$ cat final-v6.pdb   # PDB, C-alpha atoms (C1' of nucleotides)
ATOM      1  CA  CYS A  49      28.011 -32.642  -8.938
ATOM      2  CA  CYS A  50      24.419 -31.494  -9.504
ATOM      3  CA  SER A  51      23.385 -30.079 -12.849
ATOM      4  CA  GLU A  52      21.545 -26.809 -13.204
ATOM      5  CA  THR A  53      18.927 -28.205 -15.552
ATOM      6  CA  THR A  54      16.117 -27.840 -13.033
ATOM      7  CA  PRO A  55      12.715 -28.616 -14.521
ATOM      8  CA  VAL A  56       9.634 -26.661 -13.602
ATOM      9  CA  ASN A  57       9.435 -27.148  -9.885
ATOM     10  CA  HIS A  58       5.729 -26.887  -9.284
ATOM     11  CA  ARG A  59       3.781 -28.409  -6.466
ATOM     12  CA  ARG A  60       0.916 -30.749  -7.051
ATOM     13  CA  SER A  61      -2.244 -28.693  -7.427
ATOM     14  CA  ARG A  62      -4.310 -28.474  -4.279
ATOM     15  CA  THR A  63      -6.987 -31.082  -3.795
ATOM     16  CA  LYS A  64     -10.368 -29.593  -3.016
ATOM     17  CA  PHE A  65     -12.369 -32.140  -1.058
ATOM     18  CA  THR A  66     -16.124 -31.959  -1.376
ATOM     19  CA  GLN A  67     -18.423 -31.993   1.650
ATOM     20  CA  ASP A  68     -19.338 -35.593   0.889
ATOM     21  CA  GLN A  69     -15.669 -36.615   0.717
ATOM     22  CA  LEU A  70     -14.930 -34.802   3.978
ATOM     23  CA  LYS A  71     -17.849 -36.534   5.650
ATOM     24  CA  ILE A  72     -16.385 -39.908   4.705
ATOM     25  CA  LEU A  73     -12.885 -38.960   5.827
ATOM     26  CA  ILE A  74     -13.900 -37.399   9.129
ATOM     27  CA  LYS A  75     -16.047 -40.388  10.004
ATOM     28  CA  ALA A  76     -13.130 -42.697   9.277
ATOM     29  CA  PHE A  77     -10.733 -40.485  11.234
ATOM     30  CA  ASP A  78     -12.952 -40.501  14.289
ATOM     31  CA  LYS A  79     -13.035 -44.265  14.107
ATOM     32  CA  ASN A  80      -9.291 -44.665  13.626
ATOM     33  CA  PRO A  81      -6.799 -41.838  13.028
ATOM     34  CA  TYR A  82      -4.177 -44.400  11.953
ATOM     35  CA  PRO A  83      -5.788 -46.398   9.163
ATOM     36  CA  GLY A  84      -3.812 -49.123   7.455
ATOM     37  CA  TYR A  85      -3.141 -49.304   3.754
ATOM     38  CA  ALA A  86      -6.213 -51.419   2.953
ATOM     39  CA  THR A  87      -8.471 -48.960   4.780
ATOM     40  CA  LYS A  88      -6.900 -46.020   3.009
ATOM     41  CA  GLN A  89      -7.413 -47.723  -0.332
ATOM     42  CA  LYS A  90     -11.023 -48.421   0.563
ATOM     43  CA  LEU A  91     -11.525 -44.791   1.560
ATOM     44  CA  ALA A  92      -9.896 -43.636  -1.664
ATOM     45  CA  LEU A  93     -12.341 -45.732  -3.626
ATOM     46  CA  GLU A  94     -15.277 -44.534  -1.564
ATOM     47  CA  ALA A  95     -14.293 -40.878  -1.818
ATOM     48  CA  ASN A  96     -13.191 -41.215  -5.428
ATOM     49  CA  THR A  97      -9.675 -39.922  -4.876
ATOM     50  CA  GLU A  98      -6.124 -41.290  -4.667
ATOM     51  CA  GLU A  99      -4.823 -43.259  -1.710
ATOM     52  CA  SER A 100      -1.866 -40.879  -1.445
ATOM     53  CA  ARG A 101      -4.297 -37.953  -0.950
ATOM     54  CA  ILE A 102      -6.009 -39.913   1.825
ATOM     55  CA  GLN A 103      -2.654 -40.485   3.494
ATOM     56  CA  ILE A 104      -1.778 -36.768   3.382
ATOM     57  CA  TRP A 105      -5.217 -35.816   4.661
ATOM     58  CA  PHE A 106      -4.822 -38.120   7.672
ATOM     59  CA  GLN A 107      -1.328 -36.772   8.360
ATOM     60  CA  ASN A 108      -2.555 -33.182   8.341
ATOM     61  CA  ARG A 109      -5.659 -34.032  10.346
ATOM     62  CA  ARG A 110      -3.624 -35.796  13.033
ATOM     63  CA  ALA A 111      -1.272 -32.803  13.262
ATOM     64  CA  ARG A 112      -4.169 -30.373  13.692
ATOM     65  CA  HIS A 113      -6.102 -32.705  15.946
ATOM     66  CA  GLN A 114      -3.192 -33.169  18.332
ATOM     67  CA  LYS A 115      -2.667 -29.418  18.566
ATOM     68  CA  LYS A 116      -6.281 -28.814  19.508
ATOM     69  CA  SER A 117      -6.869 -31.682  21.936
ATOM     70  CA  GLU A 118      -5.521 -31.250  25.422
ATOM     71  CA  PRO A 119      -4.471 -34.368  27.310
ATOM     72  CA  ASP A 120      -7.587 -35.664  28.996
ATOM     73  CA  GLU A 121      -6.892 -38.035  31.848
ATOM     74  CA  ASP A 122     -10.511 -39.186  32.006
ATOM     75  CA  LEU A 123     -10.354 -40.605  28.542
ATOM     76  CA  GLU A 124      -6.898 -42.011  28.686
ATOM     77  CA  SER A 125      -7.460 -45.461  30.071
ATOM     78  CA  SER A 126     -10.080 -47.086  27.869
ATOM     79  CA  GLN A 127      -9.842 -44.949  24.748
ATOM     80  CA  ASP A 128      -6.067 -45.035  24.662
ATOM     81  CA  GLN A 129      -6.202 -48.774  24.891
ATOM     82  CA  ASP A 130      -8.606 -48.861  21.954
ATOM     83  CA  HIS A 131      -6.410 -46.528  19.918
ATOM     84  CA  LEU A 132      -3.346 -48.537  20.795
ATOM     85  CA  GLU A 133      -4.980 -51.696  19.557
ATOM     86  CA  GLU A 134      -6.107 -49.965  16.375
ATOM     87  CA  GLU A 135      -2.650 -48.542  15.860
ATOM     88  CA  ILE A 136      -1.048 -51.929  16.261
ATOM     89  CA  GLN A 137      -3.572 -53.332  13.820
ATOM     90  CA  SER A 138      -2.856 -50.584  11.315
ATOM     91  CA  ARG A 139       0.842 -51.216  11.562
ATOM     92  CA  GLU A 140       0.241 -54.753  10.468
ATOM     93  CA  ASP A 141      -1.486 -53.333   7.458
ATOM     94  CA  ARG A 142       1.283 -51.395   5.741
ATOM     95  CA  ARG A 143       1.644 -50.980   2.023
ATOM     96  CA  SER A 144       3.859 -53.746   0.720
ATOM     97  CA  ARG A 145       7.402 -52.768  -0.117
ATOM     98  CA  THR A 146       8.114 -51.555  -3.618
ATOM     99  CA  ASN A 147      10.933 -53.591  -5.126
ATOM    100  CA  TYR A 148      12.729 -51.503  -7.707
ATOM    101  CA  THR A 149      14.588 -53.139 -10.566
ATOM    102  CA  SER A 150      18.160 -52.063 -11.286
ATOM    103  CA  LEU A 151      16.909 -50.135 -14.321
ATOM    104  CA  GLN A 152      14.319 -48.272 -12.248
ATOM    105  CA  LEU A 153      16.924 -47.486  -9.596
ATOM    106  CA  HIS A 154      19.326 -46.257 -12.233
ATOM    107  CA  ALA A 155      16.692 -43.850 -13.540
ATOM    108  CA  LEU A 156      15.860 -42.643 -10.023
ATOM    109  CA  ILE A 157      19.496 -42.093  -9.085
ATOM    110  CA  GLU A 158      20.198 -40.242 -12.305
ATOM    111  CA  ALA A 159      17.159 -38.018 -11.767
ATOM    112  CA  PHE A 160      18.252 -37.385  -8.185
ATOM    113  CA  SER A 161      21.722 -36.292  -9.290
ATOM    114  CA  ASN A 162      20.099 -33.839 -11.695
ATOM    115  CA  ASN A 163      17.594 -32.496  -9.177
ATOM    116  CA  PRO A 164      17.052 -33.819  -5.642
ATOM    117  CA  TYR A 165      13.867 -31.730  -5.282
ATOM    118  CA  PRO A 166      11.781 -32.532  -8.359
ATOM    119  CA  GLY A 167       8.406 -30.866  -8.692
ATOM    120  CA  PHE A 168       5.182 -32.717  -9.278
ATOM    121  CA  ASP A 169       5.470 -32.707 -13.083
ATOM    122  CA  SER A 170       8.994 -34.112 -13.007
ATOM    123  CA  ARG A 171       8.028 -36.785 -10.486
ATOM    124  CA  GLU A 172       5.039 -37.789 -12.537
ATOM    125  CA  GLN A 173       7.062 -37.955 -15.733
ATOM    126  CA  LEU A 174       9.709 -40.073 -14.053
ATOM    127  CA  ALA A 175       7.032 -42.278 -12.506
ATOM    128  CA  LYS A 176       5.560 -42.904 -15.941
ATOM    129  CA  GLU A 177       8.963 -43.677 -17.387
ATOM    130  CA  ILE A 178       9.796 -46.309 -14.790
ATOM    131  CA  GLY A 179       6.247 -47.572 -14.285
ATOM    132  CA  VAL A 180       5.599 -46.840 -10.620
ATOM    133  CA  PRO A 181       3.082 -44.494  -8.946
ATOM    134  CA  GLU A 182       4.187 -40.894  -8.477
ATOM    135  CA  SER A 183       3.698 -41.230  -4.724
ATOM    136  CA  ARG A 184       6.409 -43.950  -4.638
ATOM    137  CA  VAL A 185       8.805 -41.658  -6.493
ATOM    138  CA  GLN A 186       8.128 -38.931  -3.941
ATOM    139  CA  ILE A 187       8.856 -41.302  -1.048
ATOM    140  CA  TRP A 188      12.003 -42.550  -2.745
ATOM    141  CA  PHE A 189      13.302 -38.968  -3.068
ATOM    142  CA  GLN A 190      12.414 -38.214   0.565
ATOM    143  CA  ASN A 191      14.314 -41.235   1.816
ATOM    144  CA  ARG A 192      17.235 -40.562  -0.502
ATOM    145  CA  ARG A 193      17.584 -36.945   0.632
ATOM    146  CA  SER A 194      17.220 -37.893   4.255
ATOM    147  CA  ARG A 195      19.959 -40.517   4.004
ATOM    148  CA  PHE A 196      22.193 -38.133   2.112
ATOM    149  CA  HIS A 197      21.814 -35.584   4.921
ATOM    150  CA  ALA A 198      22.516 -38.239   7.547
ATOM    151  CA  GLN A 199      25.548 -39.517   5.665
ATOM    152  CA  ARG A 200      26.885 -36.002   5.271
ATOM    153  CA  LYS A 201      26.444 -35.312   8.974
ATOM    154  CA  SER A 202      28.211 -38.497   9.968
ATOM    155  CA  ILE A 203      31.149 -37.736   7.660
ATOM    156  CA  GLU A 204      31.343 -34.203   9.021
ATOM    157  CA  ALA A 205      31.345 -35.567  12.542
ATOM    158  CA  THR A 206      34.209 -37.970  11.869
ATOM    159  CA  GLN A 207      36.205 -35.365   9.968
ATOM    160  CA  ASN A 208      35.344 -32.628  12.458
ATOM    161  CA  GLY A 209      33.943 -30.218   9.940
ATOM    162  CA  PRO A 210      33.087 -30.066   6.244
ATOM    163  CA  SER A 211      35.724 -30.856   3.669
ATOM    164  CA  LEU A 212      36.113 -31.253  -0.062
ATOM    165  CA  SER A 213      35.718 -34.998   0.084
ATOM    166  CA  ILE A 214      32.020 -34.693   0.832
ATOM    167  CA  SER A 215      31.242 -32.064  -1.744
ATOM    168  CA  CYS A 216      29.233 -34.581  -3.750
ATOM    169  CA  LEU A 217      26.946 -35.160  -0.786
ATOM    170  CA  ILE A 218      25.848 -31.565  -0.820
ATOM    171  CA  PHE A 219      22.908 -30.625  -2.951
ATOM    172  CA  PRO A 220      20.950 -27.394  -3.236
ATOM    173  CA  GLU A 221      18.060 -26.775  -0.892
ATOM    174  CA  PRO A 222      14.561 -26.548  -2.399
ATOM    175  CA  GLU A 223      13.739 -23.352  -4.192
ATOM    176  CA  GLN A 224      11.652 -20.856  -2.257
TER
ATOM    177  C1'  DG B 210      -6.778 -17.813   7.532
ATOM    178  C1'  DC B 211      -7.474 -22.473   6.470
ATOM    179  C1'  DT B 212      -5.425 -26.440   4.962
ATOM    180  C1'  DA B 213      -3.178 -29.365   1.147
ATOM    181  C1'  DA B 214       1.451 -30.131  -0.073
ATOM    182  C1'  DT B 215       6.034 -30.495   1.250
ATOM    183  C1'  DC B 216      10.064 -30.915   4.070
ATOM    184  C1'  DT B 217      13.516 -33.363   7.599
ATOM    185  C1'  DA B 218      14.465 -36.681  11.010
ATOM    186  C1'  DA B 219      13.366 -40.617  13.479
ATOM    187  C1'  DT B 220      11.520 -44.960  13.482
ATOM    188  C1'  DC B 221       9.272 -49.247  11.987
ATOM    189  C1'  DA B 222       9.400 -53.388   9.220
ATOM    190  C1'  DC B 223      10.949 -56.361   5.986
ATOM    191  C1'  DC B 224      14.565 -58.631   3.177
ATOM    192  C1'  DT B 225      19.050 -60.506   2.485
ATOM    193  C1'  DT B 226      21.766 -63.115   4.732
ATOM    194  C1'  DC B 227      23.825 -64.085   9.198
ATOM    195  C1'  DT B 228      23.170 -60.369  12.849
ATOM    196  C1'  DA B 229      23.495 -56.245  10.974
ATOM    197  C1'  DG B 230      22.916 -53.370   7.162
ATOM    198  C1'  DG B 231      20.012 -51.582   3.417
ATOM    199  C1'  DT B 232      15.945 -49.455   2.293
ATOM    200  C1'  DG B 233      10.789 -48.681   1.528
ATOM    201  C1'  DA B 234       6.883 -47.090   4.500
ATOM    202  C1'  DT B 235       5.120 -44.387   8.180
ATOM    203  C1'  DT B 236       5.044 -40.888  11.579
ATOM    204  C1'  DA B 237       5.703 -36.383  14.128
ATOM    205  C1'  DG B 238       6.696 -31.843  13.959
ATOM    206  C1'  DC B 239       6.302 -29.031  20.983
ATOM    207  C1'  DA B 240       7.357 -21.375  23.023
ATOM    208  C1'  DC B 241       2.695 -27.198  18.859
ATOM    209  C1'  DA B 242       7.362 -28.344  11.414
ATOM    210  C1'  DT B 243       7.106 -24.941   6.966
ATOM    211  C1'  DT B 244       5.286 -23.424   2.440
ATOM    212  C1'  DA B 245       1.921 -21.808  -0.424
ATOM    213  C1'  DG B 246      -2.757 -21.915  -3.066
ATOM    214  C1'  DC B 247      -7.410 -20.547  -2.707
TER
END

$ encode --input "final-v6.pdb" --output "C-alpha cells"
Amino acid sequence: CCSETTPVNHRRSRTKFTQDQLKILIKAFDKNPYPGYATKQKLALEANTEESRIQIWFQNRRARHQKKSEPDEDLESSQDQDHLEEEIQSREDRRSRTNYTSLQLHALIEAFSNNPYPGFDSREQLAKEIGVPESRVQIWFQNRRSRFHAQRKSIEATQNGPSLSISCLIFPEPEQ
DNA sequence: GCTAATCTAATCACCTTCTAGGTGATTAGCACATTAGC
C-alpha cells in the first residue's frame, strides 16, 4: 500500500549551541527541568533559537541527567516536593492543541501513505504546504505511526497472528 | 566520544459528546532507548 517514491530522507542538521545559549539553557534546567510551553518559548527567544530545539535539548538533558544522578535520599523530601510542584505547574502550561482542517489532514494522510518516515526536507515542505510548523508535522507522524503499530498489534492479537487483512497496516521501517 | 536528532510506547489532556473514544502534546527510555554528525 506504500509507494516507493521515498524523498531524500535526511535528518535535520545538528544544532550547535553557543556557550551563551548553553548558559541560558543550563540555568533554566537547574531551575526547572520540566518547563512549560510559555517558558520554552521565552527561552527560545532569549537564546535566539526555535522552541522545538529547546524541547529536544531538555529531553536529552533530562535523559543524561537522570543517568548520572543517583537517588539521593537526603534531597528527596524538600526538593522532590519543589520539583513536583513545578512539574504540575508545567503540565498546566502545555502547548495548545493544533486543530487540523480536513484539507490539512488529507495532505498529511496522503504523505503518510507515501512515506511514514519523512526526512526533514519532506516534513518542512509538507509543513509549508499546509501552513503549520514542521515540528507539528513531526509530532503528527510520530503519533500516526505509533497508533498504526498499536492497531496492528491489537489486530494480530485478536487474529492470533499476522494475516493478509492487515497488510495495509504494515509500513517499512526507517532506512538505516 | 559527546550530544542533537530520532524512534516507539505509554501517558496526559482536551474536545466532542455522553462516558468513552479520538487525537495532539509530552515524557521516558533501566544490565540506564538508538542513530548519526561533528

$ interface_residues --input "final-v6.pdb" --of "chain B" --to "chain A" --cutoff "6 Å" --atoms "all atoms listed in the file" --output "PyMOL selection string"
chain B and resi 213+233+241

$ resolve_selection --input "final-v6.pdb" --expression "the PyMOL selection byres ((chain A and resi 77) around 12)" --output "PyMOL selection string"
chain A and resi 70-76+78-84+87-88+91+102-103+105-110+113+131+134

$ resolve_selection --input "final-v6.pdb" --expression "the PyMOL selection byres ((chain A and resi 169-181) around 10)" --output "mmCIF file with C-alpha atoms, in the frame of the given file"
data_model
loop_
_atom_site.group_PDB
_atom_site.id
_atom_site.type_symbol
_atom_site.label_atom_id
_atom_site.label_comp_id
_atom_site.auth_asym_id
_atom_site.auth_seq_id
_atom_site.Cartn_x
_atom_site.Cartn_y
_atom_site.Cartn_z
ATOM 1 C CA THR A 54 16.117 -27.840 -13.033
ATOM 2 C CA PRO A 55 12.715 -28.616 -14.521
ATOM 3 C CA VAL A 56 9.634 -26.661 -13.602
ATOM 4 C CA ASN A 57 9.435 -27.148 -9.885
ATOM 5 C CA HIS A 58 5.729 -26.887 -9.284
ATOM 6 C CA ARG A 59 3.781 -28.409 -6.466
ATOM 7 C CA ARG A 60 0.916 -30.749 -7.051
ATOM 8 C CA SER A 100 -1.866 -40.879 -1.445
ATOM 9 C CA THR A 146 8.114 -51.555 -3.618
ATOM 10 C CA TYR A 148 12.729 -51.503 -7.707
ATOM 11 C CA THR A 149 14.588 -53.139 -10.566
ATOM 12 C CA LEU A 151 16.909 -50.135 -14.321
ATOM 13 C CA GLN A 152 14.319 -48.272 -12.248
ATOM 14 C CA LEU A 153 16.924 -47.486 -9.596
ATOM 15 C CA HIS A 154 19.326 -46.257 -12.233
ATOM 16 C CA ALA A 155 16.692 -43.850 -13.540
ATOM 17 C CA LEU A 156 15.860 -42.643 -10.023
ATOM 18 C CA ALA A 159 17.159 -38.018 -11.767
ATOM 19 C CA ASN A 163 17.594 -32.496 -9.177
ATOM 20 C CA TYR A 165 13.867 -31.730 -5.282
ATOM 21 C CA PRO A 166 11.781 -32.532 -8.359
ATOM 22 C CA GLY A 167 8.406 -30.866 -8.692
ATOM 23 C CA PHE A 168 5.182 -32.717 -9.278
ATOM 24 C CA GLU A 182 4.187 -40.894 -8.477
ATOM 25 C CA SER A 183 3.698 -41.230 -4.724
ATOM 26 C CA ARG A 184 6.409 -43.950 -4.638
ATOM 27 C CA VAL A 185 8.805 -41.658 -6.493
ATOM 28 C CA GLN A 186 8.128 -38.931 -3.941
ATOM 29 C CA PHE A 189 13.302 -38.968 -3.068
#

$ atom_distance --input "final-v6.pdb" --atom1 "atom C1' of B:DT232" --atom2 "atom CA of A:Lys90"
27.0 Å

$ atom_distance --input "final-v6.pdb" --atom1 "atom C1' of B:DA237" --atom2 "atom C1' of B:DT217"
10.6 Å

$ build_atoms --input "final-v6.pdb" --residues "stretch 74-87 of chain A" --atoms "N, CA, C and O atoms" --output "compact mmCIF listing (two decimals), in the coordinates of the input"
# COMPACT_ATOMS: atom_id res chain seq x y z
N ILE A 74 -13.79 -37.75 7.71
CA ILE A 74 -13.90 -37.40 9.13
C ILE A 74 -14.47 -38.57 9.93
O ILE A 74 -14.00 -38.88 11.03
N LYS A 75 -15.44 -39.22 9.34
CA LYS A 75 -16.05 -40.39 10.00
C LYS A 75 -14.98 -41.47 10.22
O LYS A 75 -14.88 -42.06 11.30
N ALA A 76 -14.18 -41.68 9.18
CA ALA A 76 -13.13 -42.70 9.28
C ALA A 76 -12.07 -42.29 10.28
O ALA A 76 -11.56 -43.11 11.04
N PHE A 77 -11.75 -40.99 10.31
CA PHE A 77 -10.73 -40.48 11.23
C PHE A 77 -11.17 -40.66 12.68
O PHE A 77 -10.38 -41.06 13.54
N ASP A 78 -12.43 -40.35 12.93
CA ASP A 78 -12.95 -40.50 14.29
C ASP A 78 -12.90 -41.95 14.74
O ASP A 78 -12.71 -42.25 15.92
N LYS A 79 -13.07 -42.84 13.80
CA LYS A 79 -13.04 -44.26 14.11
C LYS A 79 -11.59 -44.72 14.35
O LYS A 79 -11.31 -45.45 15.29
N ASN A 80 -10.70 -44.29 13.49
CA ASN A 80 -9.29 -44.66 13.63
C ASN A 80 -8.41 -43.66 12.90
O ASN A 80 -8.40 -43.61 11.68
N PRO A 81 -7.66 -42.84 13.67
CA PRO A 81 -6.80 -41.84 13.03
C PRO A 81 -5.55 -42.44 12.37
O PRO A 81 -4.80 -41.72 11.73
N TYR A 82 -5.34 -43.74 12.56
CA TYR A 82 -4.18 -44.40 11.95
C TYR A 82 -4.63 -45.58 11.08
O TYR A 82 -4.35 -46.73 11.40
N PRO A 83 -5.31 -45.29 10.00
CA PRO A 83 -5.79 -46.40 9.16
C PRO A 83 -4.64 -47.09 8.44
O PRO A 83 -3.63 -46.45 8.11
N GLY A 84 -4.80 -48.37 8.21
CA GLY A 84 -3.81 -49.12 7.46
C GLY A 84 -3.99 -48.89 5.97
O GLY A 84 -4.89 -48.16 5.54
N TYR A 85 -3.13 -49.53 5.20
CA TYR A 85 -3.14 -49.30 3.75
C TYR A 85 -4.46 -49.74 3.12
O TYR A 85 -5.03 -49.03 2.28
N ALA A 86 -4.97 -50.90 3.54
CA ALA A 86 -6.21 -51.42 2.95
C ALA A 86 -7.36 -50.45 3.22
O ALA A 86 -8.18 -50.19 2.33
N THR A 87 -7.42 -49.92 4.43
CA THR A 87 -8.47 -48.96 4.78
C THR A 87 -8.34 -47.69 3.95
O THR A 87 -9.33 -47.15 3.47
